[in-house]
file protein-v4.pdb (PDB, C-alpha atoms)
MODEL        1
ATOM      1  CA  MET B   1      -0.890  24.497  16.688
ATOM      2  CA  LYS B   2      -3.045  21.822  15.098
ATOM      3  CA  GLU B   3      -2.821  23.637  11.780
ATOM      4  CA  VAL B   4       0.960  23.643  11.886
ATOM      5  CA  ALA B   5       1.028  19.937  12.655
ATOM      6  CA  PHE B   6      -1.492  19.217   9.902
ATOM      7  CA  PHE B   7       0.418  21.120   7.250
ATOM      8  CA  ALA B   8       3.739  19.612   8.306
ATOM      9  CA  GLY B   9       2.219  16.141   8.034
ATOM     10  CA  ALA B  10       0.461  16.973   4.769
ATOM     11  CA  ILE B  11       3.642  18.307   3.156
ATOM     12  CA  GLY B  12       5.564  15.229   4.290
ATOM     13  CA  ALA B  13       2.884  12.867   3.025
ATOM     14  CA  LEU B  14       2.434  14.625  -0.300
ATOM     15  CA  GLY B  15       6.160  15.099  -0.880
ATOM     16  CA  GLY B  16       6.783  11.442  -0.096
ATOM     17  CA  ALA B  17       3.987  10.364  -2.444
ATOM     18  CA  ILE B  18       5.262  12.481  -5.316
ATOM     19  CA  ALA B  19       8.824  11.308  -4.692
ATOM     20  CA  VAL B  20       7.627   7.681  -4.914
ATOM     21  CA  ILE B  21       6.398   8.146  -8.461
ATOM     22  CA  ALA B  22       9.055  10.646  -9.587
ATOM     23  CA  LEU B  23      12.304   8.965  -8.500
ATOM     24  CA  ARG B  24      13.900   6.750 -11.130
ATOM     25  CA  ASN B  25      15.516   4.332  -8.721
ATOM     26  CA  ALA B  26      13.073   1.881  -7.118
ATOM     27  CA  PHE B  27      15.148   1.763  -3.926
ATOM     28  CA  TYR B  28      14.754   5.516  -3.405
ATOM     29  CA  SER B  29      11.037   5.160  -4.102
ATOM     30  CA  VAL B  30      10.783   2.701  -1.216
ATOM     31  CA  LEU B  31      12.602   5.127   1.092
ATOM     32  CA  ALA B  32      10.278   7.950  -0.012
ATOM     33  CA  LEU B  33       7.303   5.746   0.820
ATOM     34  CA  ILE B  34       8.674   5.360   4.367
ATOM     35  CA  VAL B  35       8.719   9.161   4.727
ATOM     36  CA  HIS B  36       5.153   9.238   3.422
ATOM     37  CA  LEU B  37       3.982   6.572   5.877
ATOM     38  CA  ILE B  38       5.573   8.259   8.892
ATOM     39  CA  SER B  39       4.022  11.630   7.976
ATOM     40  CA  LEU B  40       0.688   9.887   7.571
ATOM     41  CA  ALA B  41       1.069   8.375  11.039
ATOM     42  CA  GLY B  42       1.363  11.945  12.365
ATOM     43  CA  LEU B  43      -1.899  12.845  10.629
ATOM     44  CA  PHE B  44      -3.545   9.771  12.133
ATOM     45  CA  LEU B  45      -2.466  11.017  15.561
ATOM     46  CA  LEU B  46      -4.141  14.360  14.828
ATOM     47  CA  LEU B  47      -7.318  12.433  14.019
ATOM     48  CA  GLN B  48      -7.079  10.684  17.408
ATOM     49  CA  GLY B  49      -6.199   7.318  15.956
ATOM     50  CA  GLU B  50      -3.449   6.520  18.451
ATOM     51  CA  PHE B  51      -3.432   2.796  17.917
ATOM     52  CA  ILE B  52      -3.643   3.082  14.132
ATOM     53  CA  ALA B  53      -0.738   5.543  14.137
ATOM     54  CA  ALA B  54       1.379   3.179  16.240
ATOM     55  CA  ALA B  55       0.449   0.224  14.033
ATOM     56  CA  GLN B  56       1.249   2.280  10.948
ATOM     57  CA  ILE B  57       4.779   2.951  12.155
ATOM     58  CA  VAL B  58       5.527  -0.475  13.602
ATOM     59  CA  VAL B  59       3.822  -2.697  11.022
ATOM     60  CA  TYR B  60       3.911  -0.591   7.878
ATOM     61  CA  ALA B  61       6.941   1.660   8.015
ATOM     62  CA  GLY B  62       8.767  -1.015   9.988
ATOM     63  CA  ALA B  63       7.947  -4.511   8.810
ATOM     64  CA  VAL B  64       6.323  -4.188   5.386
ATOM     65  CA  MET B  65       8.858  -1.643   4.171
ATOM     66  CA  VAL B  66      11.765  -3.875   5.227
ATOM     67  CA  LEU B  67      10.294  -6.474   2.868
ATOM     68  CA  TYR B  68      10.215  -3.887   0.116
ATOM     69  CA  VAL B  69      13.778  -2.783   0.789
ATOM     70  CA  PHE B  70      15.037  -6.356   0.566
ATOM     71  CA  VAL B  71      13.170  -7.079  -2.661
ATOM     72  CA  ALA B  72      14.269  -3.767  -4.208
ATOM     73  CA  ALA B  73      17.863  -4.606  -3.313
ATOM     74  CA  TYR B  74      17.515  -8.185  -4.574
ATOM     75  CA  VAL B  75      15.913  -7.303  -7.886
ATOM     76  CA  GLY B  76      18.082  -4.246  -8.422
ATOM     77  CA  ASN B  77      17.179  -1.238 -10.466
ATOM     78  CA  VAL B  78      14.817  -1.991 -13.314
ATOM     79  CA  ASP B  79      15.326   0.056 -16.443
ATOM     80  CA  GLU B  80      12.093   1.477 -17.710
ATOM     81  CA  PRO B  81      12.262   1.746 -21.502
ATOM     82  CA  LEU B  82      11.215   4.934 -23.180
ATOM     83  CA  TRP B  83       9.165   2.995 -25.699
ATOM     84  CA  GLU B  84       5.467   3.473 -24.953
ATOM     85  CA  PRO B  85       2.850   0.900 -25.900
ATOM     86  CA  ILE B  86       0.195   3.602 -25.774
ATOM     87  CA  PRO B  87       1.380   6.778 -27.565
ATOM     88  CA  GLY B  88       1.525   9.802 -25.277
ATOM     89  CA  GLN B  89       0.969   7.749 -22.106
ATOM     90  CA  ARG B  90       3.462   9.854 -20.178
ATOM     91  CA  PHE B  91       1.409  12.999 -20.805
ATOM     92  CA  ILE B  92      -2.096  11.590 -20.650
ATOM     93  CA  ALA B  93      -1.576   9.718 -17.368
ATOM     94  CA  PRO B  94      -0.896  12.788 -15.154
ATOM     95  CA  LEU B  95      -3.839  14.564 -16.779
ATOM     96  CA  LEU B  96      -6.072  11.638 -15.826
ATOM     97  CA  GLY B  97      -4.715  11.803 -12.284
ATOM     98  CA  ILE B  98      -5.463  15.519 -12.052
ATOM     99  CA  ALA B  99      -8.962  14.937 -13.477
ATOM    100  CA  LEU B 100      -9.577  12.288 -10.818
ATOM    101  CA  PHE B 101      -8.436  14.657  -8.069
ATOM    102  CA  VAL B 102     -10.679  17.466  -9.331
ATOM    103  CA  GLU B 103     -13.607  15.096  -9.478
ATOM    104  CA  LEU B 104     -13.003  13.799  -5.946
ATOM    105  CA  ALA B 105     -12.475  17.333  -4.604
ATOM    106  CA  ILE B 106     -15.767  18.465  -6.137
ATOM    107  CA  ALA B 107     -17.494  15.451  -4.603
ATOM    108  CA  ILE B 108     -16.006  16.216  -1.165
ATOM    109  CA  THR B 109     -16.528  19.977  -1.049
ATOM    110  CA  GLY B 110     -19.929  19.761  -2.731
ATOM    111  CA  SER B 111     -21.281  17.073  -0.450
ATOM    112  CA  SER B 112     -24.150  18.080   1.801
ATOM    113  CA  LEU B 113     -22.550  16.453   4.842
ATOM    114  CA  GLN B 114     -22.457  19.154   7.484
ATOM    115  CA  ALA B 115     -20.161  17.311   9.841
ATOM    116  CA  ILE B 116     -17.151  17.572   7.499
ATOM    117  CA  ASP B 117     -16.982  21.346   7.870
ATOM    118  CA  THR B 118     -16.235  20.986  11.577
ATOM    119  CA  GLY B 119     -13.377  19.424  13.452
ATOM    120  CA  GLY B 120     -15.651  16.588  14.544
ATOM    121  CA  PRO B 121     -17.490  16.165  17.821
ATOM    122  CA  THR B 122     -15.691  16.091  21.133
ATOM    123  CA  VAL B 123     -14.881  12.492  21.910
ATOM    124  CA  ASP B 124     -14.059  10.564  25.056
ATOM    125  CA  LEU B 125     -10.519  10.316  26.307
ATOM    126  CA  GLY B 126     -10.144   6.686  25.217
ATOM    127  CA  PHE B 127     -11.113   7.328  21.570
ATOM    128  CA  GLY B 128      -8.830   5.305  19.318
ATOM    129  CA  SER B 129      -6.807   3.855  22.184
ATOM    130  CA  PRO B 130      -5.601   0.240  21.999
ATOM    131  CA  THR B 131      -8.178  -0.704  24.637
ATOM    132  CA  ALA B 132     -11.106   0.613  22.624
ATOM    133  CA  ILE B 133      -9.896  -0.805  19.305
ATOM    134  CA  GLY B 134      -9.099  -4.167  20.855
ATOM    135  CA  LYS B 135     -12.521  -4.349  22.427
ATOM    136  CA  LEU B 136     -14.181  -3.586  19.097
ATOM    137  CA  LEU B 137     -12.014  -6.103  17.240
ATOM    138  CA  LEU B 138     -12.734  -8.937  19.649
ATOM    139  CA  GLU B 139     -16.422  -8.212  20.125
ATOM    140  CA  ARG B 140     -18.222  -6.574  17.234
ATOM    141  CA  PHE B 141     -15.713  -7.306  14.506
ATOM    142  CA  LEU B 142     -14.606 -10.767  15.607
ATOM    143  CA  ILE B 143     -15.481 -12.364  12.256
ATOM    144  CA  ALA B 144     -13.524  -9.727  10.327
ATOM    145  CA  PHE B 145     -10.595 -10.236  12.727
ATOM    146  CA  GLU B 146     -10.583 -14.000  12.207
ATOM    147  CA  ALA B 147     -11.000 -13.618   8.456
ATOM    148  CA  ALA B 148      -8.018 -11.238   8.417
ATOM    149  CA  SER B 149      -5.883 -13.755  10.315
ATOM    150  CA  LEU B 150      -6.883 -16.502   7.870
ATOM    151  CA  LEU B 151      -6.049 -14.207   4.965
ATOM    152  CA  LEU B 152      -2.607 -13.497   6.415
ATOM    153  CA  LEU B 153      -1.965 -17.226   6.744
ATOM    154  CA  VAL B 154      -3.008 -17.835   3.137
ATOM    155  CA  ALA B 155      -0.807 -14.961   1.952
ATOM    156  CA  ALA B 156       2.198 -16.288   3.879
ATOM    157  CA  VAL B 157       1.769 -19.781   2.428
ATOM    158  CA  GLY B 158       1.207 -18.315  -1.035
ATOM    159  CA  ALA B 159       4.391 -16.245  -0.822
ATOM    160  CA  VAL B 160       6.429 -19.294   0.165
ATOM    161  CA  VAL B 161       4.949 -21.268  -2.734
ATOM    162  CA  LEU B 162       5.535 -18.429  -5.205
ATOM    163  CA  ALA B 163       9.016 -17.348  -4.216
ATOM    164  CA  GLY B 164      10.338 -20.633  -2.878
ATOM    165  CA  ARG B 165      13.115 -22.408  -4.756
ATOM    166  CA  HIS B 166      11.519 -24.760  -7.243
ATOM    167  CA  ARG B 167      13.292 -27.865  -8.367
ATOM    168  CA  ASP B 168      13.590 -28.274 -12.051
ATOM    169  CA  PRO B 169      11.115 -31.023 -13.067
ATOM    170  CA  LYS B 170      13.662 -32.408 -15.542
ATOM    171  CA  ALA B 171      16.265 -32.720 -12.792
ATOM    172  CA  ASP B 172      13.671 -34.525 -10.650
ATOM    173  CA  THR B 173      12.978 -37.129 -13.295
ATOM    174  CA  ALA B 174      16.646 -37.401 -14.225
ATOM    175  CA  THR B 175      17.847 -38.227 -10.716
ATOM    176  CA  PRO B 176      15.957 -41.530 -10.188
ATOM    177  CA  GLY B 177      16.670 -42.514 -13.775
ATOM    178  CA  SER B 178      20.407 -41.995 -13.355
ATOM    179  CA  GLU B 179      20.326 -43.916 -10.091
ATOM    180  CA  ALA B 180      18.596 -46.790 -11.850
ATOM    181  CA  GLU B 181      21.226 -46.643 -14.558
ATOM    182  CA  GLU B 182      23.967 -46.763 -11.964
ATOM    183  CA  VAL B 183      22.346 -49.794 -10.329
ATOM    184  CA  ALA B 184      22.018 -51.490 -13.690
ATOM    185  CA  ALA B 185      25.620 -50.765 -14.520
TER     186      ALA B 185
ATOM    187  CA  MET G 186      -8.933  21.708  11.567
ATOM    188  CA  ASP G 187     -11.912  20.853   9.387
ATOM    189  CA  ILE G 188     -12.368  17.276   8.290
ATOM    190  CA  THR G 189     -12.627  18.578   4.707
ATOM    191  CA  TRP G 190      -8.891  19.304   4.727
ATOM    192  CA  TYR G 191      -8.094  15.688   5.517
ATOM    193  CA  LEU G 192     -10.511  14.424   2.870
ATOM    194  CA  VAL G 193      -9.051  16.671   0.176
ATOM    195  CA  LEU G 194      -5.540  15.597   1.147
ATOM    196  CA  SER G 195      -6.657  11.990   0.932
ATOM    197  CA  ALA G 196      -8.132  12.615  -2.548
ATOM    198  CA  LEU G 197      -4.842  14.224  -3.610
ATOM    199  CA  LEU G 198      -2.782  11.282  -2.347
ATOM    200  CA  PHE G 199      -5.117   8.869  -4.096
ATOM    201  CA  ALA G 200      -4.766  10.793  -7.363
ATOM    202  CA  VAL G 201      -0.955  10.710  -7.015
ATOM    203  CA  GLY G 202      -1.140   6.935  -6.523
ATOM    204  CA  VAL G 203      -3.352   6.493  -9.592
ATOM    205  CA  SER G 204      -0.993   8.623 -11.716
ATOM    206  CA  GLY G 205       1.923   6.512 -10.505
ATOM    207  CA  VAL G 206       0.217   3.284 -11.567
ATOM    208  CA  LEU G 207      -0.493   4.807 -14.976
ATOM    209  CA  ILE G 208       2.990   6.265 -15.521
ATOM    210  CA  ARG G 209       5.444   3.750 -14.115
ATOM    211  CA  ARG G 210       6.250   0.377 -15.653
ATOM    212  CA  SER G 211       8.251  -1.363 -12.947
ATOM    213  CA  PRO G 212       5.958  -3.740 -11.006
ATOM    214  CA  LEU G 213       7.761  -2.875  -7.759
ATOM    215  CA  VAL G 214       6.933   0.821  -8.100
ATOM    216  CA  ILE G 215       3.362  -0.022  -9.116
ATOM    217  CA  LEU G 216       3.006  -1.975  -5.864
ATOM    218  CA  LEU G 217       4.316   1.088  -3.998
ATOM    219  CA  CYS G 218       1.665   3.204  -5.724
ATOM    220  CA  LEU G 219      -1.020   0.725  -4.641
ATOM    221  CA  GLU G 220       0.224   1.304  -1.099
ATOM    222  CA  LEU G 221      -0.201   5.050  -1.638
ATOM    223  CA  MET G 222      -3.811   4.531  -2.680
ATOM    224  CA  LEU G 223      -4.598   2.204   0.226
ATOM    225  CA  ASN G 224      -3.107   4.715   2.643
ATOM    226  CA  ALA G 225      -5.140   7.542   1.130
ATOM    227  CA  GLY G 226      -8.204   5.400   1.736
ATOM    228  CA  ASN G 227      -7.071   4.838   5.326
ATOM    229  CA  LEU G 228      -6.722   8.581   5.856
ATOM    230  CA  ALA G 229     -10.276   9.144   4.609
ATOM    231  CA  LEU G 230     -11.555   6.347   6.861
ATOM    232  CA  LEU G 231      -9.887   7.883   9.906
ATOM    233  CA  ALA G 232     -11.150  11.352   8.994
ATOM    234  CA  PHE G 233     -14.727  10.104   8.756
ATOM    235  CA  SER G 234     -14.292   8.109  11.934
ATOM    236  CA  ARG G 235     -13.229  11.307  13.730
ATOM    237  CA  SER G 236     -15.977  13.339  12.116
ATOM    238  CA  LEU G 237     -18.692  10.884  13.214
ATOM    239  CA  GLY G 238     -17.132  10.250  16.625
ATOM    240  CA  ASN G 239     -17.322   6.534  15.915
ATOM    241  CA  GLN G 240     -14.411   4.098  16.144
ATOM    242  CA  ASP G 241     -15.663   1.610  13.565
ATOM    243  CA  GLY G 242     -13.734   3.430  10.851
ATOM    244  CA  GLN G 243     -10.493   2.835  12.740
ATOM    245  CA  VAL G 244     -11.118  -0.894  12.866
ATOM    246  CA  PHE G 245     -11.819  -0.727   9.120
ATOM    247  CA  ALA G 246      -8.475   1.044   8.610
ATOM    248  CA  LEU G 247      -6.711  -1.680  10.605
ATOM    249  CA  ILE G 248      -8.243  -4.387   8.399
ATOM    250  CA  VAL G 249      -7.184  -2.403   5.315
ATOM    251  CA  MET G 250      -3.620  -2.498   6.650
ATOM    252  CA  VAL G 251      -3.841  -6.277   6.961
ATOM    253  CA  ILE G 252      -5.122  -6.530   3.373
ATOM    254  CA  ALA G 253      -2.272  -4.282   2.238
ATOM    255  CA  ALA G 254       0.265  -6.533   3.964
ATOM    256  CA  CYS G 255      -1.194  -9.604   2.229
ATOM    257  CA  GLU G 256      -1.153  -7.869  -1.132
ATOM    258  CA  VAL G 257       2.470  -6.848  -0.631
ATOM    259  CA  VAL G 258       3.555 -10.350   0.310
ATOM    260  CA  VAL G 259       1.909 -11.984  -2.712
ATOM    261  CA  GLY G 260       2.981  -9.204  -5.080
ATOM    262  CA  LEU G 261       6.600  -9.313  -3.974
ATOM    263  CA  GLY G 262       6.502 -13.118  -4.194
ATOM    264  CA  ILE G 263       5.439 -12.832  -7.832
ATOM    265  CA  ILE G 264       8.185 -10.262  -8.512
ATOM    266  CA  VAL G 265      10.882 -12.463  -6.955
ATOM    267  CA  ALA G 266       9.592 -15.512  -8.852
ATOM    268  CA  ALA G 267       9.632 -13.570 -12.127
ATOM    269  CA  TYR G 268      13.161 -12.303 -11.417
ATOM    270  CA  ARG G 269      14.428 -15.824 -10.711
ATOM    271  CA  ARG G 270      13.092 -17.055 -14.052
ATOM    272  CA  ARG G 271      14.795 -14.205 -15.914
ATOM    273  CA  ILE G 272      11.457 -12.719 -16.949
ATOM    274  CA  PRO G 273      11.908  -8.980 -17.618
ATOM    275  CA  LEU G 274      10.389  -6.919 -14.805
ATOM    276  CA  ASN G 275       8.280  -4.634 -16.914
ATOM    277  CA  VAL G 276       4.500  -4.652 -16.839
ATOM    278  CA  ASP G 277       4.355  -4.367 -20.613
ATOM    279  CA  ASP G 278       6.222  -7.661 -20.928
ATOM    280  CA  LEU G 279       4.284  -9.275 -18.096
ATOM    281  CA  ARG G 280       1.010  -9.246 -19.989
ATOM    282  CA  SER G 281       0.516 -12.953 -20.031
ATOM    283  CA  LEU G 282       0.595 -15.101 -16.915
ATOM    284  CA  ARG G 283       2.125 -18.108 -18.667
ATOM    285  CA  GLY G 284       5.775 -17.884 -17.775
TER     286      GLY G 284
ENDMDL
END

call {"tool": "encode", "arguments": {"input": "protein-v4.pdb", "output": "structure tokens"}}
result
Amino acid sequence: MKEVAFFAGAIGALGGAIAVIALRNAFYSVLALIVHLISLAGLFLLLQGEFIAAAQIVVYAGAVMVLYVFVAAYVGNVDEPLWEPIPGQRFIAPLLGIALFVELAIAITGSSLQAIDTGGPTVDLGFGSPTAIGKLLLERFLIAFEAASLLLLVAAVGAVVLAGRHRDPKADTATPGSEAEEVAA
Amino acid sequence: MDITWYLVLSALLFAVGVSGVLIRRSPLVILLCLELMLNAGNLALLAFSRSLGNQDGQVFALIVMVIAACEVVVGLGIIVAAYRRRIPLNVDDLRSLRG
């Protein structure tokens, strides 16, 4: 039963990932990423990460992807020219990706860790539950938690500064000048 | 299910993400591929967390999700700003940061 669930999740995650890079339209890529994230949440459940799986669906597939959908719709489809700055990039790049996978797979299967050939030890019932994760976050990892909240604040302010509507500096200088001219007239 | 399966799947997803960054030119799709790589890392973290019977890896994965959200917000902000200024959305043209 676990095998079936694993392979279903793995096929969903892999298919979504390949669809993200293969589809020409950026909007469809975003939708494929949602499929990928939901399949991955299923795999997280198999690994007993209940809270992470829930957060993945609510925060990632829900909130972050909505942001992507809006930006993809706002920007529209971007044409990718066939001109290549590096000759043969389209053929070399997948080869590099495959080489990286082979290297990582050799590192994983050739590692002397004995625990990775088992399903992991039996764990308590509360493993990965919101209670356990919350306790860890607010006790042992309090500094990381606070740093993450600060980082989110900085990112939110940065996004507003970056994407906010800027006034043209020329218009700014022109307005008081024209007012002064009107007064003088 | 052995933990090795999850780790190999995570390596495969990471390699797909890297290929995407190398192949595609649209900054939006490159951001999506970064998400793929971060999620592959999360899968490996959760697999090791399960294999060691230790929940620290799950907290690590949660922090990675926060970092990913920040990266998305800033990245999409840059994309929207570039679009507003009529800068072509192509990483080959976006080489220099001076607008």

call {"tool": "resolve_selection", "arguments": {"input": "protein-v4.pdb", "expression": "the ChimeraX specification (/B :<6) & /G", "output": "number ranges by chain"}}
result
G: 186-189, 193, 196-197, 200, 204-205, 207-208, 235-236, 255, 259, 262, 265-266

call {"tool": "closest_residue", "arguments": {"input": "protein-v4.pdb", "among": "G:Leu237, G:Ala246, G:Ala267, G:Ala253", "to": "G:Leu217", "atoms": "all atoms listed in the file"}}
result
G:Ala253

call {"tool": "atom_distance", "arguments": {"input": "protein-v4.pdb", "atom1": "atom CA of G:Ser195", "atom2": "atom CA of G:Ala225"}}
result
4.7 Å

call {"tool": "atom_distance", "arguments": {"input": "protein-v4.pdb", "atom1": "atom CA of B:Thr131", "atom2": "atom CA of G:Met250"}}
result
18.6 Å

call {"tool": "atom_distance", "arguments": {"input": "protein-v4.pdb", "atom1": "atom CA of B:Ala61", "atom2": "atom CA of B:Ile38"}}
result
6.8 Å

call {"tool": "residues_around", "arguments": {"input": "protein-v4.pdb", "residues": "G:Leu274", "least_positions_apart": "5", "cutoff": "8 Å", "atoms": "only C-alpha atoms", "output": "PyMOL selection string"}}
result
(chain B and resi 78) or (chain G and resi 211-212+264+267-268+279)

call {"tool": "write_last_selection", "arguments": {"input": "protein-v4.pdb", "atoms": "C-alpha atoms", "output": "CSV table (one decimal), in the coordinates of the input"}}
result
chain,number,residue,atom,x,y,z
B,78,VAL,CA,14.8,-2.0,-13.3
G,211,SER,CA,8.3,-1.4,-12.9
G,212,PRO,CA,6.0,-3.7,-11.0
G,264,ILE,CA,8.2,-10.3,-8.5
G,267,ALA,CA,9.6,-13.6,-12.1
G,268,TYR,CA,13.2,-12.3,-11.4
G,279,LEU,CA,4.3,-9.3,-18.1

call {"tool": "closest_residue", "arguments": {"input": "protein-v4.pdb", "among": "B:Leu142, B:Ala53, B:Val66, B:Leu125", "to": "G:Val257", "atoms": "all atoms listed in the file"}}
result
B:Val66

call {"tool": "axis_aligned_box", "arguments": {"input": "protein-v4.pdb", "around": "stretch 245-263 of chain G", "padding_each_side": "3 Å", "output": "AutoDock Vina command-line options"}}
result
--center_x -2.6 --center_y -6.0 --center_z 1.4 --size_x 24.4 --size_y 20.2 --size_z 24.4

call {"tool": "closest_residue", "arguments": {"input": "protein-v4.pdb", "among": "G:Arg280, G:Arg209, G:Asn275, G:Leu194", "to": "G:Ala232", "atoms": "all atoms listed in the file"}}
result
G:Leu194

call {"tool": "closest_residue", "arguments": {"input": "protein-v4.pdb", "among": "G:Ala254, G:Trp190, G:Arg271, G:Leu261", "to": "G:Asn224", "atoms": "all atoms listed in the file"}}
result
G:Ala254

call {"tool": "closest_residue", "arguments": {"input": "protein-v4.pdb", "among": "B:Ala73, B:Ala54, B:Ala5, B:Val35", "to": "G:Leu213", "atoms": "all atoms listed in the file"}}
result
B:Ala73

call {"tool": "decode", "arguments": {"input": "protein-v4.pdb", "residues": "stretch 131-170 of chain B", "atoms": "C-alpha atoms", "output": "CSV table (one decimal), in the first residue's frame"}}
result
chain,number,residue,atom,x,y,z
B,131,THR,CA,2.2,20.1,18.5
B,132,ALA,CA,5.7,18.7,18.1
B,133,ILE,CA,6.8,21.1,15.4
B,134,GLY,CA,5.4,24.1,17.2
B,135,LYS,CA,7.2,23.1,20.4
B,136,LEU,CA,10.5,22.7,18.5
B,137,LEU,CA,10.0,26.1,16.7
B,138,LEU,CA,9.3,28.0,19.9
B,139,GLU,CA,11.9,26.3,22.1
B,140,ARG,CA,15.0,25.0,20.4
B,141,PHE,CA,14.7,27.0,17.1
B,142,LEU,CA,13.3,30.2,18.5
B,143,ILE,CA,16.1,32.3,17.0
B,144,ALA,CA,15.6,30.7,13.5
B,145,PHE,CA,11.8,31.4,13.9
B,146,GLU,CA,12.3,35.0,14.7
B,147,ALA,CA,14.9,35.5,12.0
B,148,ALA,CA,12.4,33.9,9.5
B,149,SER,CA,9.7,36.4,10.6
B,150,LEU,CA,12.1,39.3,10.2
B,151,LEU,CA,13.1,38.0,6.8
B,152,LEU,CA,9.5,37.8,5.7
B,153,LEU,CA,8.9,41.4,6.8
B,154,VAL,CA,12.0,42.6,4.9
B,155,ALA,CA,10.8,40.7,1.8
B,156,ALA,CA,7.3,42.2,2.0
B,157,VAL,CA,8.7,45.7,2.3
B,158,GLY,CA,11.2,45.0,-0.5
B,159,ALA,CA,8.4,43.8,-2.8
B,160,VAL,CA,6.3,46.9,-2.2
B,161,VAL,CA,9.4,49.1,-2.9
B,162,LEU,CA,10.2,47.1,-6.0
B,163,ALA,CA,6.8,46.7,-7.6
B,164,GLY,CA,5.1,49.8,-6.2
B,165,ARG,CA,4.1,52.6,-8.6
B,166,HIS,CA,7.0,55.0,-8.8
B,167,ARG,CA,6.4,58.6,-9.7
B,168,ASP,CA,8.5,59.9,-12.5
B,169,PRO,CA,11.2,62.2,-11.0
B,170,LYS,CA,10.7,64.7,-13.8
